[in-house]
Amino acid sequence: MLPWASGPDLVLVGCVKTKRSETNAAKDLYKSRLWRRRRAYAESLECPWYILSAKHGLLDPDKRIEPYDISLNDLRAAARRAWSIRVLSELKSRVPSLRDKLIEIHAGATYVTYGLEEGLREAGATVHRPLARMSGIGRQQAWYREQLRRYGS
C-alpha cells in the first residue's frame, strides 16, 4: 500500500541518456540501472504512466521508437519551455481532465521547471515529486529499491 490512500492517477518518468542501438518499445529503449528502477516503480503502481522524452515529448511506453541523442540539458530555455507546452498539450489530449488528478513525476528539474509542473497545477492537478530534493543517482536508486521492496514487485 502506498503512503497515500489510493496512489497516483498518473506517473511521468523522465528518459535517460543511455539507450539501446536499435528500434524498441520506448520502455525497452532506455537501459540504465536508474531507468530500470524508475520503470519497475511506475509499473508497480498499476496506473497509467508515460515517458518524458527530450525528442518525442510525451511517449507511450509501448510506442516503438528509434534511438536518439537529444537532451533537454542541451536546449536553450525557450526550447525547454516549448517542449513543456508540447508535453502538456499531448497529456491533455490523452487525459480528458487533469483536475483533481494526482500526478507523480520522476524526472530531473530540467523536465519540470520550464512550465510542465506549473501547467499541471494550473490544470487542477496535484503534482508529487518524491525525489525532487534527493541528489545523487545512488540515493535515488536506493529509494526505488526500498519502494519496490515495501510496496510492490
# chains A, B, ... in the order shown; residues from 1 in each chain; ligands from 1
>>> residues_around(residues="His128 in chain A", least_positions_apart="2", cutoff="7 Å", atoms="only C-alpha atoms", output="list in words")
Ile103, Glu104, Ile105, Thr126 and Pro130 of chain A
>>> write_last_selection(atoms="all heavy atoms", output="PDB file, in the first residue's frame")
ATOM      1  N   ILE A 103      -0.565  13.478  -9.918  1.00  0.00           N
ATOM      2  CA  ILE A 103       0.427  13.116 -10.919  1.00  0.00           C
ATOM      3  C   ILE A 103       1.792  13.078 -10.247  1.00  0.00           C
ATOM      4  O   ILE A 103       2.226  14.063  -9.649  1.00  0.00           O
ATOM      5  CB  ILE A 103       0.424  14.107 -12.097  1.00  0.00           C
ATOM      6  CG1 ILE A 103      -0.958  14.105 -12.763  1.00  0.00           C
ATOM      7  CG2 ILE A 103       1.526  13.760 -13.095  1.00  0.00           C
ATOM      8  CD1 ILE A 103      -1.128  15.110 -13.867  1.00  0.00           C
ATOM      9  N   GLU A 104       2.426  11.937 -10.347  1.00  0.00           N
ATOM     10  CA  GLU A 104       3.748  11.756  -9.757  1.00  0.00           C
ATOM     11  C   GLU A 104       4.777  11.863 -10.869  1.00  0.00           C
ATOM     12  O   GLU A 104       4.626  11.231 -11.922  1.00  0.00           O
ATOM     13  CB  GLU A 104       3.807  10.390  -9.076  1.00  0.00           C
ATOM     14  CG  GLU A 104       4.933  10.261  -8.078  1.00  0.00           C
ATOM     15  CD  GLU A 104       4.818   9.014  -7.236  1.00  0.00           C
ATOM     16  OE1 GLU A 104       3.967   8.975  -6.322  1.00  0.00           O
ATOM     17  OE2 GLU A 104       5.589   8.077  -7.513  1.00  0.00           O
ATOM     18  N   ILE A 105       5.810  12.678 -10.642  1.00  0.00           N
ATOM     19  CA  ILE A 105       6.831  12.898 -11.657  1.00  0.00           C
ATOM     20  C   ILE A 105       8.176  12.385 -11.144  1.00  0.00           C
ATOM     21  O   ILE A 105       8.612  12.745 -10.050  1.00  0.00           O
ATOM     22  CB  ILE A 105       6.955  14.386 -12.043  1.00  0.00           C
ATOM     23  CG1 ILE A 105       5.613  14.910 -12.575  1.00  0.00           C
ATOM     24  CG2 ILE A 105       8.061  14.571 -13.080  1.00  0.00           C
ATOM     25  CD1 ILE A 105       5.624  16.392 -12.902  1.00  0.00           C
ATOM     26  N   THR A 126      -2.646  17.813  -8.804  1.00  0.00           N
ATOM     27  CA  THR A 126      -1.698  17.854  -7.699  1.00  0.00           C
ATOM     28  C   THR A 126      -0.445  17.148  -8.189  1.00  0.00           C
ATOM     29  O   THR A 126      -0.527  16.033  -8.717  1.00  0.00           O
ATOM     30  CB  THR A 126      -2.255  17.126  -6.459  1.00  0.00           C
ATOM     31  OG1 THR A 126      -3.451  17.798  -6.051  1.00  0.00           O
ATOM     32  CG2 THR A 126      -1.257  17.101  -5.321  1.00  0.00           C
ATOM     33  N   PRO A 130       8.550  12.867  -5.559  1.00  0.00           N
ATOM     34  CA  PRO A 130       9.141  12.290  -4.357  1.00  0.00           C
ATOM     35  C   PRO A 130      10.663  12.381  -4.271  1.00  0.00           C
ATOM     36  O   PRO A 130      11.217  12.337  -3.186  1.00  0.00           O
ATOM     37  CB  PRO A 130       8.676  10.830  -4.375  1.00  0.00           C
ATOM     38  CG  PRO A 130       8.210  10.561  -5.749  1.00  0.00           C
ATOM     39  CD  PRO A 130       7.815  11.867  -6.341  1.00  0.00           C
TER      40      PRO A 130
END
>>> residues_around(residues="Arg37 in chain A", least_positions_apart="4", cutoff="12 Å", atoms="only C-alpha atoms", output="number ranges by chain")
A: 13-14, 16, 27, 30-33, 41-44, 106, 137-138, 140-149, 152-153
>>> write_last_selection(atoms="C-alpha atoms", output="short mmCIF file (atom, residue, chain, number, x, y, z; two decimals), in the first residue's frame")
data_model
loop_
_atom_site.label_atom_id
_atom_site.label_comp_id
_atom_site.auth_asym_id
_atom_site.auth_seq_id
_atom_site.Cartn_x
_atom_site.Cartn_y
_atom_site.Cartn_z
CA VAL A 13 9.04 9.21 -15.92
CA GLY A 14 11.97 11.10 -17.42
CA VAL A 16 17.75 8.72 -19.62
CA LYS A 27 10.14 1.39 -22.26
CA TYR A 30 16.49 3.10 -22.29
CA LYS A 31 18.95 0.93 -20.44
CA SER A 32 20.49 2.44 -17.30
CA ARG A 33 20.05 1.00 -13.81
CA TYR A 41 8.36 1.50 -9.85
CA ALA A 42 5.96 3.09 -12.38
CA GLU A 43 4.71 -0.33 -13.49
CA SER A 44 4.22 -1.45 -9.88
CA HIS A 106 10.14 11.03 -11.68
CA ILE A 137 21.76 8.75 -8.55
CA GLY A 138 22.81 6.23 -5.90
CA GLN A 140 17.61 7.75 -5.96
CA GLN A 141 18.25 4.11 -6.87
CA ALA A 142 18.15 3.18 -3.18
CA TRP A 143 14.78 4.98 -2.86
CA TYR A 144 13.33 2.97 -5.75
CA ARG A 145 14.69 -0.29 -4.33
CA GLU A 146 13.06 0.49 -0.98
CA GLN A 147 9.71 1.43 -2.56
CA LEU A 148 9.66 -1.73 -4.66
CA ARG A 149 10.57 -3.84 -1.64
CA GLY A 152 5.49 -3.65 -4.94
CA SER A 153 7.42 -6.05 -7.01
#
>>> closest_residue(among="A:Asp74, A:Asp100, A:Glu66, A:Asp60", to="Val87 in chain A", atoms="only C-alpha atoms")
A:Asp60
>>> atom_distance(atom1="CA of Lys19 in chain A", atom2="CA of Ala40 in chain A")
16.9 Å
>>> residues_around(residues="Asp9 in chain A", least_positions_apart="5", cutoff="8 Å", atoms="only C-alpha atoms", output="PyMOL selection string")
chain A and resi 47-48+101-103
>>> write_last_selection(atoms="N, CA and C atoms", output="CSV table (one decimal), in the first residue's frame")
chain,number,residue,atom,x,y,z
A,47,CYS,N,-1.0,2.1,-12.6
A,47,CYS,CA,-1.8,3.2,-13.1
A,47,CYS,C,-1.1,3.6,-14.4
A,48,PRO,N,-1.8,4.5,-15.2
A,48,PRO,CA,-1.1,4.9,-16.5
A,48,PRO,C,0.2,5.6,-16.2
A,101,LYS,N,-6.4,15.3,-10.3
A,101,LYS,CA,-5.6,14.1,-10.5
A,101,LYS,C,-4.3,14.3,-9.7
A,102,LEU,N,-3.8,13.2,-9.2
A,102,LEU,CA,-2.5,13.2,-8.5
A,102,LEU,C,-1.5,12.6,-9.5
A,103,ILE,N,-0.6,13.5,-9.9
A,103,ILE,CA,0.4,13.1,-10.9
A,103,ILE,C,1.8,13.1,-10.2
>>> select_by_dssp(residues="chain A", states="alpha helix (DSSP H)", output="compact mmCIF listing (two decimals) with N, CA, C and O atoms, in the first residue's frame")
# COMPACT_ATOMS: atom_id res chain seq x y z
N ALA A 26 9.52 2.15 -26.42
CA ALA A 26 10.20 3.18 -25.63
C ALA A 26 10.64 2.66 -24.26
O ALA A 26 11.75 2.94 -23.82
N LYS A 27 9.79 1.89 -23.59
CA LYS A 27 10.14 1.39 -22.26
C LYS A 27 11.35 0.46 -22.29
O LYS A 27 12.01 0.28 -21.27
N ASP A 28 11.66 -0.11 -23.46
CA ASP A 28 12.80 -1.01 -23.60
C ASP A 28 14.02 -0.34 -24.23
O ASP A 28 15.09 -0.93 -24.28
N LEU A 29 13.85 0.87 -24.74
CA LEU A 29 14.96 1.56 -25.41
C LEU A 29 16.02 2.02 -24.41
O LEU A 29 17.21 1.90 -24.65
N ARG A 33 20.59 1.57 -15.05
CA ARG A 33 20.05 1.00 -13.81
C ARG A 33 18.96 1.91 -13.23
O ARG A 33 17.93 1.44 -12.78
N LEU A 34 19.21 3.23 -13.28
CA LEU A 34 18.20 4.16 -12.80
C LEU A 34 16.92 3.99 -13.60
O LEU A 34 15.81 3.95 -13.04
N TRP A 35 17.03 3.88 -14.93
CA TRP A 35 15.83 3.70 -15.76
C TRP A 35 15.08 2.44 -15.37
O TRP A 35 13.86 2.46 -15.23
N ARG A 36 15.79 1.34 -15.21
CA ARG A 36 15.11 0.08 -14.86
C ARG A 36 14.35 0.21 -13.55
O ARG A 36 13.24 -0.31 -13.43
N ARG A 37 14.90 0.93 -12.61
CA ARG A 37 14.20 1.10 -11.33
C ARG A 37 13.02 2.06 -11.46
O ARG A 37 11.97 1.82 -10.88
N ARG A 38 13.19 3.13 -12.21
CA ARG A 38 12.05 4.04 -12.44
C ARG A 38 10.91 3.30 -13.11
O ARG A 38 9.75 3.43 -12.73
N ARG A 39 11.25 2.55 -14.14
CA ARG A 39 10.23 1.81 -14.87
C ARG A 39 9.54 0.79 -13.97
O ARG A 39 8.31 0.69 -13.97
N ALA A 40 10.30 0.01 -13.24
CA ALA A 40 9.70 -1.01 -12.35
C ALA A 40 8.78 -0.35 -11.33
O ALA A 40 7.69 -0.85 -11.05
N TYR A 41 9.19 0.79 -10.81
CA TYR A 41 8.36 1.50 -9.85
C TYR A 41 7.06 1.96 -10.51
O TYR A 41 5.97 1.73 -9.98
N ALA A 42 7.16 2.60 -11.68
CA ALA A 42 5.96 3.09 -12.38
C ALA A 42 5.02 1.93 -12.69
O ALA A 42 3.81 2.03 -12.47
N GLU A 43 5.55 0.82 -13.16
CA GLU A 43 4.71 -0.33 -13.49
C GLU A 43 4.08 -0.94 -12.24
O GLU A 43 2.97 -1.46 -12.30
N SER A 44 4.77 -0.86 -11.11
CA SER A 44 4.22 -1.45 -9.88
C SER A 44 3.00 -0.69 -9.36
O SER A 44 2.21 -1.24 -8.61
N ALA A 77 16.59 27.76 -22.96
CA ALA A 77 15.39 27.92 -22.12
C ALA A 77 14.12 28.01 -22.97
O ALA A 77 13.10 27.39 -22.63
N ALA A 78 14.14 28.73 -24.08
CA ALA A 78 12.94 28.87 -24.91
C ALA A 78 12.51 27.51 -25.48
O ALA A 78 11.32 27.20 -25.54
N ALA A 79 13.48 26.69 -25.88
CA ALA A 79 13.16 25.36 -26.41
C ALA A 79 12.61 24.46 -25.30
O ALA A 79 11.72 23.63 -25.54
N ARG A 80 13.13 24.61 -24.09
CA ARG A 80 12.61 23.83 -22.96
C ARG A 80 11.17 24.23 -22.64
O ARG A 80 10.33 23.37 -22.35
N ARG A 81 10.88 25.53 -22.72
CA ARG A 81 9.50 25.98 -22.50
C ARG A 81 8.58 25.44 -23.59
O ARG A 81 7.47 24.99 -23.31
N ALA A 82 9.03 25.46 -24.83
CA ALA A 82 8.23 24.93 -25.94
C ALA A 82 8.00 23.43 -25.74
O ALA A 82 6.90 22.93 -25.99
N TRP A 83 9.01 22.71 -25.28
CA TRP A 83 8.87 21.28 -25.00
C TRP A 83 7.81 21.07 -23.92
O TRP A 83 6.96 20.18 -24.06
N SER A 84 7.83 21.87 -22.87
CA SER A 84 6.84 21.73 -21.79
C SER A 84 5.42 21.97 -22.30
O SER A 84 4.49 21.24 -21.95
N ILE A 85 5.26 22.99 -23.14
CA ILE A 85 3.94 23.28 -23.72
C ILE A 85 3.47 22.09 -24.56
O ILE A 85 2.31 21.68 -24.49
N ARG A 86 4.38 21.53 -25.33
CA ARG A 86 4.06 20.35 -26.16
C ARG A 86 3.62 19.18 -25.30
O ARG A 86 2.61 18.53 -25.58
N VAL A 87 4.36 18.88 -24.24
CA VAL A 87 4.04 17.76 -23.36
C VAL A 87 2.68 17.98 -22.70
O VAL A 87 1.86 17.07 -22.63
N LEU A 88 2.43 19.19 -22.21
CA LEU A 88 1.13 19.50 -21.60
C LEU A 88 0.00 19.28 -22.59
O LEU A 88 -1.03 18.70 -22.25
N SER A 89 0.18 19.73 -23.82
CA SER A 89 -0.84 19.56 -24.85
C SER A 89 -1.08 18.08 -25.13
O SER A 89 -2.24 17.63 -25.22
N GLU A 90 0.00 17.31 -25.27
CA GLU A 90 -0.14 15.88 -25.53
C GLU A 90 -0.83 15.17 -24.37
O GLU A 90 -1.67 14.30 -24.57
N LEU A 91 -0.49 15.56 -23.15
CA LEU A 91 -1.10 14.94 -21.98
C LEU A 91 -2.59 15.27 -21.91
O LEU A 91 -3.42 14.39 -21.66
N LYS A 92 -2.93 16.51 -22.17
CA LYS A 92 -4.33 16.92 -22.14
C LYS A 92 -5.15 16.22 -23.22
O LYS A 92 -6.35 16.00 -23.05
N SER A 93 -4.51 15.85 -24.33
CA SER A 93 -5.24 15.13 -25.37
C SER A 93 -5.47 13.67 -24.99
O SER A 93 -6.36 13.02 -25.52
N ARG A 94 -4.67 13.13 -24.08
CA ARG A 94 -4.81 11.73 -23.66
C ARG A 94 -5.61 11.57 -22.37
O ARG A 94 -6.21 10.52 -22.15
N ALA A 109 15.03 18.17 -12.65
CA ALA A 109 14.45 19.52 -12.61
C ALA A 109 14.27 20.12 -14.00
O ALA A 109 13.30 20.85 -14.24
N THR A 110 15.15 19.81 -14.93
CA THR A 110 15.05 20.36 -16.28
C THR A 110 13.72 20.00 -16.93
O THR A 110 13.18 20.77 -17.73
N TYR A 111 13.16 18.88 -16.57
CA TYR A 111 11.90 18.43 -17.16
C TYR A 111 10.69 19.19 -16.60
O TYR A 111 9.66 19.23 -17.24
N VAL A 112 10.80 19.73 -15.41
CA VAL A 112 9.61 20.31 -14.78
C VAL A 112 9.66 21.81 -14.57
O VAL A 112 8.60 22.44 -14.44
N LEU A 116 6.25 22.67 -17.14
CA LEU A 116 5.45 21.45 -17.03
C LEU A 116 4.73 21.36 -15.69
O LEU A 116 3.51 21.20 -15.65
N GLU A 117 5.47 21.48 -14.61
CA GLU A 117 4.83 21.37 -13.29
C GLU A 117 3.80 22.48 -13.09
O GLU A 117 2.68 22.22 -12.64
N GLU A 118 4.16 23.68 -13.45
CA GLU A 118 3.24 24.82 -13.32
C GLU A 118 1.98 24.59 -14.16
O GLU A 118 0.85 24.83 -13.70
N GLY A 119 2.14 24.12 -15.37
CA GLY A 119 0.99 23.85 -16.25
C GLY A 119 0.07 22.78 -15.70
O GLY A 119 -1.16 22.88 -15.80
N LEU A 120 0.65 21.74 -15.11
CA LEU A 120 -0.16 20.68 -14.50
C LEU A 120 -0.98 21.25 -13.33
O LEU A 120 -2.16 20.94 -13.18
N ARG A 121 -0.33 22.05 -12.51
CA ARG A 121 -1.03 22.66 -11.36
C ARG A 121 -2.14 23.60 -11.83
O ARG A 121 -3.23 23.62 -11.28
N GLU A 122 -1.85 24.38 -12.87
CA GLU A 122 -2.86 25.29 -13.42
C GLU A 122 -4.05 24.52 -13.98
O GLU A 122 -5.18 25.03 -13.97
N ILE A 137 22.46 9.88 -7.93
CA ILE A 137 21.76 8.75 -8.55
C ILE A 137 21.72 7.56 -7.60
O ILE A 137 20.72 6.84 -7.54
N GLY A 138 22.78 7.34 -6.85
CA GLY A 138 22.81 6.23 -5.90
C GLY A 138 21.70 6.32 -4.87
O GLY A 138 21.04 5.32 -4.55
N ARG A 139 21.47 7.52 -4.34
CA ARG A 139 20.38 7.71 -3.37
C ARG A 139 19.03 7.50 -4.02
O ARG A 139 18.13 6.93 -3.41
N GLN A 140 18.87 7.95 -5.26
CA GLN A 140 17.61 7.75 -5.96
C GLN A 140 17.37 6.26 -6.22
O GLN A 140 16.26 5.76 -6.00
N GLN A 141 18.40 5.54 -6.65
CA GLN A 141 18.25 4.11 -6.87
C GLN A 141 17.88 3.38 -5.59
O GLN A 141 17.03 2.48 -5.59
N ALA A 142 18.48 3.79 -4.47
CA ALA A 142 18.15 3.18 -3.18
C ALA A 142 16.69 3.45 -2.83
O ALA A 142 15.99 2.57 -2.30
N TRP A 143 16.18 4.65 -3.14
CA TRP A 143 14.78 4.98 -2.86
C TRP A 143 13.86 4.04 -3.64
O TRP A 143 12.91 3.49 -3.09
N TYR A 144 14.16 3.87 -4.94
CA TYR A 144 13.33 2.97 -5.75
C TYR A 144 13.39 1.54 -5.23
O TYR A 144 12.36 0.87 -5.15
N ARG A 145 14.57 1.07 -4.88
CA ARG A 145 14.69 -0.29 -4.33
C ARG A 145 13.81 -0.44 -3.10
O ARG A 145 13.10 -1.43 -2.95
N GLU A 146 13.85 0.55 -2.21
CA GLU A 146 13.06 0.49 -0.98
C GLU A 146 11.56 0.51 -1.29
O GLU A 146 10.79 -0.24 -0.70
N GLN A 147 11.14 1.36 -2.21
CA GLN A 147 9.71 1.43 -2.56
C GLN A 147 9.24 0.11 -3.15
O GLN A 147 8.16 -0.38 -2.82
N LEU A 148 10.04 -0.46 -4.03
CA LEU A 148 9.66 -1.73 -4.66
C LEU A 148 9.63 -2.85 -3.63
O LEU A 148 8.76 -3.71 -3.67
N ARG A 149 10.56 -2.82 -2.70
CA ARG A 149 10.57 -3.84 -1.64
C ARG A 149 9.36 -3.68 -0.73
O ARG A 149 8.69 -4.64 -0.39
N ARG A 150 9.05 -2.45 -0.39
CA ARG A 150 7.99 -2.17 0.56
C ARG A 150 6.59 -2.31 -0.03
O ARG A 150 5.68 -2.83 0.59
N TYR A 151 6.39 -1.79 -1.26
CA TYR A 151 5.04 -1.68 -1.80
C TYR A 151 4.76 -2.51 -3.04
O TYR A 151 3.64 -2.55 -3.51
>>> closest_residue(among="A:Lys55, A:Ala125, A:Tyr114, A:Gly136", to="Arg76 in chain A", atoms="only C-alpha atoms")
A:Tyr114
>>> select_by_dssp(residues="range 43-140 of chain A", states="strand (DSSP E or B)", output="list of chain:residue names")
A:Trp49, A:Tyr50, A:Ile51, A:Leu52, A:Ser53, A:Gly57, A:Leu58, A:Leu59, A:Arg64, A:Ile65, A:Leu102, A:Ile103, A:Glu104, A:Ile105, A:His106, A:Thr126, A:Val127, A:His128
>>> closest_residue(among="A:Arg133, A:Arg99, A:His56, A:Lys63", to="Thr23 in chain A", atoms="only C-alpha atoms")
A:Lys63
>>> closest_residue(among="A:Ile51, A:Lys17, A:Pro96, A:Leu45", to="Pro67 in chain A", atoms="only C-alpha atoms")
A:Lys17
>>> closest_residue(among="A:Arg129, A:Arg64, A:Met134, A:Asn73", to="Val11 in chain A", atoms="only C-alpha atoms")
A:Arg129
>>> atom_distance(atom1="CA of Leu72 in chain A", atom2="CA of Tyr50 in chain A")
16.9 Å
>>> atom_distance(atom1="CA of Val127 in chain A", atom2="CA of Gly57 in chain A")
18.4 Å
>>> closest_residue(among="A:Asp69, A:Gly108, A:Ser6, A:Glu22", to="Leu52 in chain A", atoms="only C-alpha atoms")
A:Gly108
>>> decode(residues="range 130-152 of chain A", atoms="N, CA, C and O atoms", output="PDB file, in the first residue's frame")
ATOM      1  N   PRO A 130       8.550  12.867  -5.559  1.00  0.00           N
ATOM      2  CA  PRO A 130       9.141  12.290  -4.357  1.00  0.00           C
ATOM      3  C   PRO A 130      10.663  12.381  -4.271  1.00  0.00           C
ATOM      4  O   PRO A 130      11.217  12.337  -3.186  1.00  0.00           O
ATOM      5  N   LEU A 131      11.326  12.546  -5.404  1.00  0.00           N
ATOM      6  CA  LEU A 131      12.787  12.616  -5.377  1.00  0.00           C
ATOM      7  C   LEU A 131      13.315  14.013  -5.684  1.00  0.00           C
ATOM      8  O   LEU A 131      14.504  14.192  -5.925  1.00  0.00           O
ATOM      9  N   ALA A 132      12.463  15.007  -5.623  1.00  0.00           N
ATOM     10  CA  ALA A 132      12.825  16.365  -6.030  1.00  0.00           C
ATOM     11  C   ALA A 132      14.026  16.921  -5.265  1.00  0.00           C
ATOM     12  O   ALA A 132      14.836  17.639  -5.824  1.00  0.00           O
ATOM     13  N   ARG A 133      14.135  16.606  -4.011  1.00  0.00           N
ATOM     14  CA  ARG A 133      15.222  17.158  -3.204  1.00  0.00           C
ATOM     15  C   ARG A 133      16.326  16.131  -2.932  1.00  0.00           C
ATOM     16  O   ARG A 133      17.174  16.342  -2.082  1.00  0.00           O
ATOM     17  N   MET A 134      16.283  15.038  -3.662  1.00  0.00           N
ATOM     18  CA  MET A 134      17.253  13.967  -3.436  1.00  0.00           C
ATOM     19  C   MET A 134      18.355  14.043  -4.485  1.00  0.00           C
ATOM     20  O   MET A 134      18.119  13.811  -5.659  1.00  0.00           O
ATOM     21  N   SER A 135      19.544  14.370  -4.059  1.00  0.00           N
ATOM     22  CA  SER A 135      20.652  14.452  -5.006  1.00  0.00           C
ATOM     23  C   SER A 135      21.392  13.113  -5.057  1.00  0.00           C
ATOM     24  O   SER A 135      21.389  12.352  -4.098  1.00  0.00           O
ATOM     25  N   GLY A 136      21.992  12.851  -6.167  1.00  0.00           N
ATOM     26  CA  GLY A 136      22.787  11.642  -6.341  1.00  0.00           C
ATOM     27  C   GLY A 136      21.981  10.468  -6.852  1.00  0.00           C
ATOM     28  O   GLY A 136      20.959  10.107  -6.288  1.00  0.00           O
ATOM     29  N   ILE A 137      22.455   9.883  -7.933  1.00  0.00           N
ATOM     30  CA  ILE A 137      21.763   8.748  -8.548  1.00  0.00           C
ATOM     31  C   ILE A 137      21.719   7.559  -7.602  1.00  0.00           C
ATOM     32  O   ILE A 137      20.723   6.843  -7.537  1.00  0.00           O
ATOM     33  N   GLY A 138      22.781   7.340  -6.851  1.00  0.00           N
ATOM     34  CA  GLY A 138      22.809   6.226  -5.900  1.00  0.00           C
ATOM     35  C   GLY A 138      21.701   6.324  -4.867  1.00  0.00           C
ATOM     36  O   GLY A 138      21.042   5.322  -4.554  1.00  0.00           O
ATOM     37  N   ARG A 139      21.470   7.517  -4.336  1.00  0.00           N
ATOM     38  CA  ARG A 139      20.383   7.714  -3.368  1.00  0.00           C
ATOM     39  C   ARG A 139      19.029   7.499  -4.015  1.00  0.00           C
ATOM     40  O   ARG A 139      18.125   6.931  -3.410  1.00  0.00           O
ATOM     41  N   GLN A 140      18.874   7.949  -5.260  1.00  0.00           N
ATOM     42  CA  GLN A 140      17.611   7.745  -5.965  1.00  0.00           C
ATOM     43  C   GLN A 140      17.370   6.256  -6.216  1.00  0.00           C
ATOM     44  O   GLN A 140      16.261   5.758  -5.999  1.00  0.00           O
ATOM     45  N   GLN A 141      18.403   5.540  -6.645  1.00  0.00           N
ATOM     46  CA  GLN A 141      18.251   4.106  -6.874  1.00  0.00           C
ATOM     47  C   GLN A 141      17.881   3.384  -5.589  1.00  0.00           C
ATOM     48  O   GLN A 141      17.031   2.480  -5.594  1.00  0.00           O
ATOM     49  N   ALA A 142      18.477   3.792  -4.474  1.00  0.00           N
ATOM     50  CA  ALA A 142      18.146   3.181  -3.177  1.00  0.00           C
ATOM     51  C   ALA A 142      16.686   3.448  -2.829  1.00  0.00           C
ATOM     52  O   ALA A 142      15.993   2.567  -2.301  1.00  0.00           O
ATOM     53  N   TRP A 143      16.184   4.646  -3.139  1.00  0.00           N
ATOM     54  CA  TRP A 143      14.782   4.980  -2.855  1.00  0.00           C
ATOM     55  C   TRP A 143      13.856   4.043  -3.645  1.00  0.00           C
ATOM     56  O   TRP A 143      12.910   3.495  -3.093  1.00  0.00           O
ATOM     57  N   TYR A 144      14.157   3.865  -4.936  1.00  0.00           N
ATOM     58  CA  TYR A 144      13.331   2.971  -5.753  1.00  0.00           C
ATOM     59  C   TYR A 144      13.390   1.542  -5.226  1.00  0.00           C
ATOM     60  O   TYR A 144      12.360   0.871  -5.153  1.00  0.00           O
ATOM     61  N   ARG A 145      14.573   1.068  -4.885  1.00  0.00           N
ATOM     62  CA  ARG A 145      14.693  -0.292  -4.327  1.00  0.00           C
ATOM     63  C   ARG A 145      13.810  -0.440  -3.097  1.00  0.00           C
ATOM     64  O   ARG A 145      13.096  -1.426  -2.951  1.00  0.00           O
ATOM     65  N   GLU A 146      13.851   0.549  -2.215  1.00  0.00           N
ATOM     66  CA  GLU A 146      13.063   0.488  -0.980  1.00  0.00           C
ATOM     67  C   GLU A 146      11.561   0.509  -1.290  1.00  0.00           C
ATOM     68  O   GLU A 146      10.790  -0.237  -0.702  1.00  0.00           O
ATOM     69  N   GLN A 147      11.136   1.361  -2.210  1.00  0.00           N
ATOM     70  CA  GLN A 147       9.713   1.432  -2.563  1.00  0.00           C
ATOM     71  C   GLN A 147       9.239   0.111  -3.150  1.00  0.00           C
ATOM     72  O   GLN A 147       8.156  -0.380  -2.821  1.00  0.00           O
ATOM     73  N   LEU A 148      10.038  -0.455  -4.033  1.00  0.00           N
ATOM     74  CA  LEU A 148       9.655  -1.725  -4.660  1.00  0.00           C
ATOM     75  C   LEU A 148       9.634  -2.845  -3.630  1.00  0.00           C
ATOM     76  O   LEU A 148       8.760  -3.711  -3.668  1.00  0.00           O
ATOM     77  N   ARG A 149      10.562  -2.817  -2.696  1.00  0.00           N
ATOM     78  CA  ARG A 149      10.574  -3.843  -1.641  1.00  0.00           C
ATOM     79  C   ARG A 149       9.361  -3.677  -0.734  1.00  0.00           C
ATOM     80  O   ARG A 149       8.692  -4.638  -0.390  1.00  0.00           O
ATOM     81  N   ARG A 150       9.048  -2.450  -0.388  1.00  0.00           N
ATOM     82  CA  ARG A 150       7.988  -2.169   0.558  1.00  0.00           C
ATOM     83  C   ARG A 150       6.587  -2.311  -0.031  1.00  0.00           C
ATOM     84  O   ARG A 150       5.676  -2.833   0.586  1.00  0.00           O
ATOM     85  N   TYR A 151       6.394  -1.792  -1.262  1.00  0.00           N
ATOM     86  CA  TYR A 151       5.040  -1.677  -1.805  1.00  0.00           C
ATOM     87  C   TYR A 151       4.764  -2.508  -3.039  1.00  0.00           C
ATOM     88  O   TYR A 151       3.641  -2.554  -3.510  1.00  0.00           O
ATOM     89  N   GLY A 152       5.785  -3.064  -3.635  1.00  0.00           N
ATOM     90  CA  GLY A 152       5.494  -3.650  -4.935  1.00  0.00           C
ATOM     91  C   GLY A 152       6.262  -4.897  -5.234  1.00  0.00           C
ATOM     92  O   GLY A 152       6.401  -5.789  -4.414  1.00  0.00           O
TER      93      GLY A 152
END
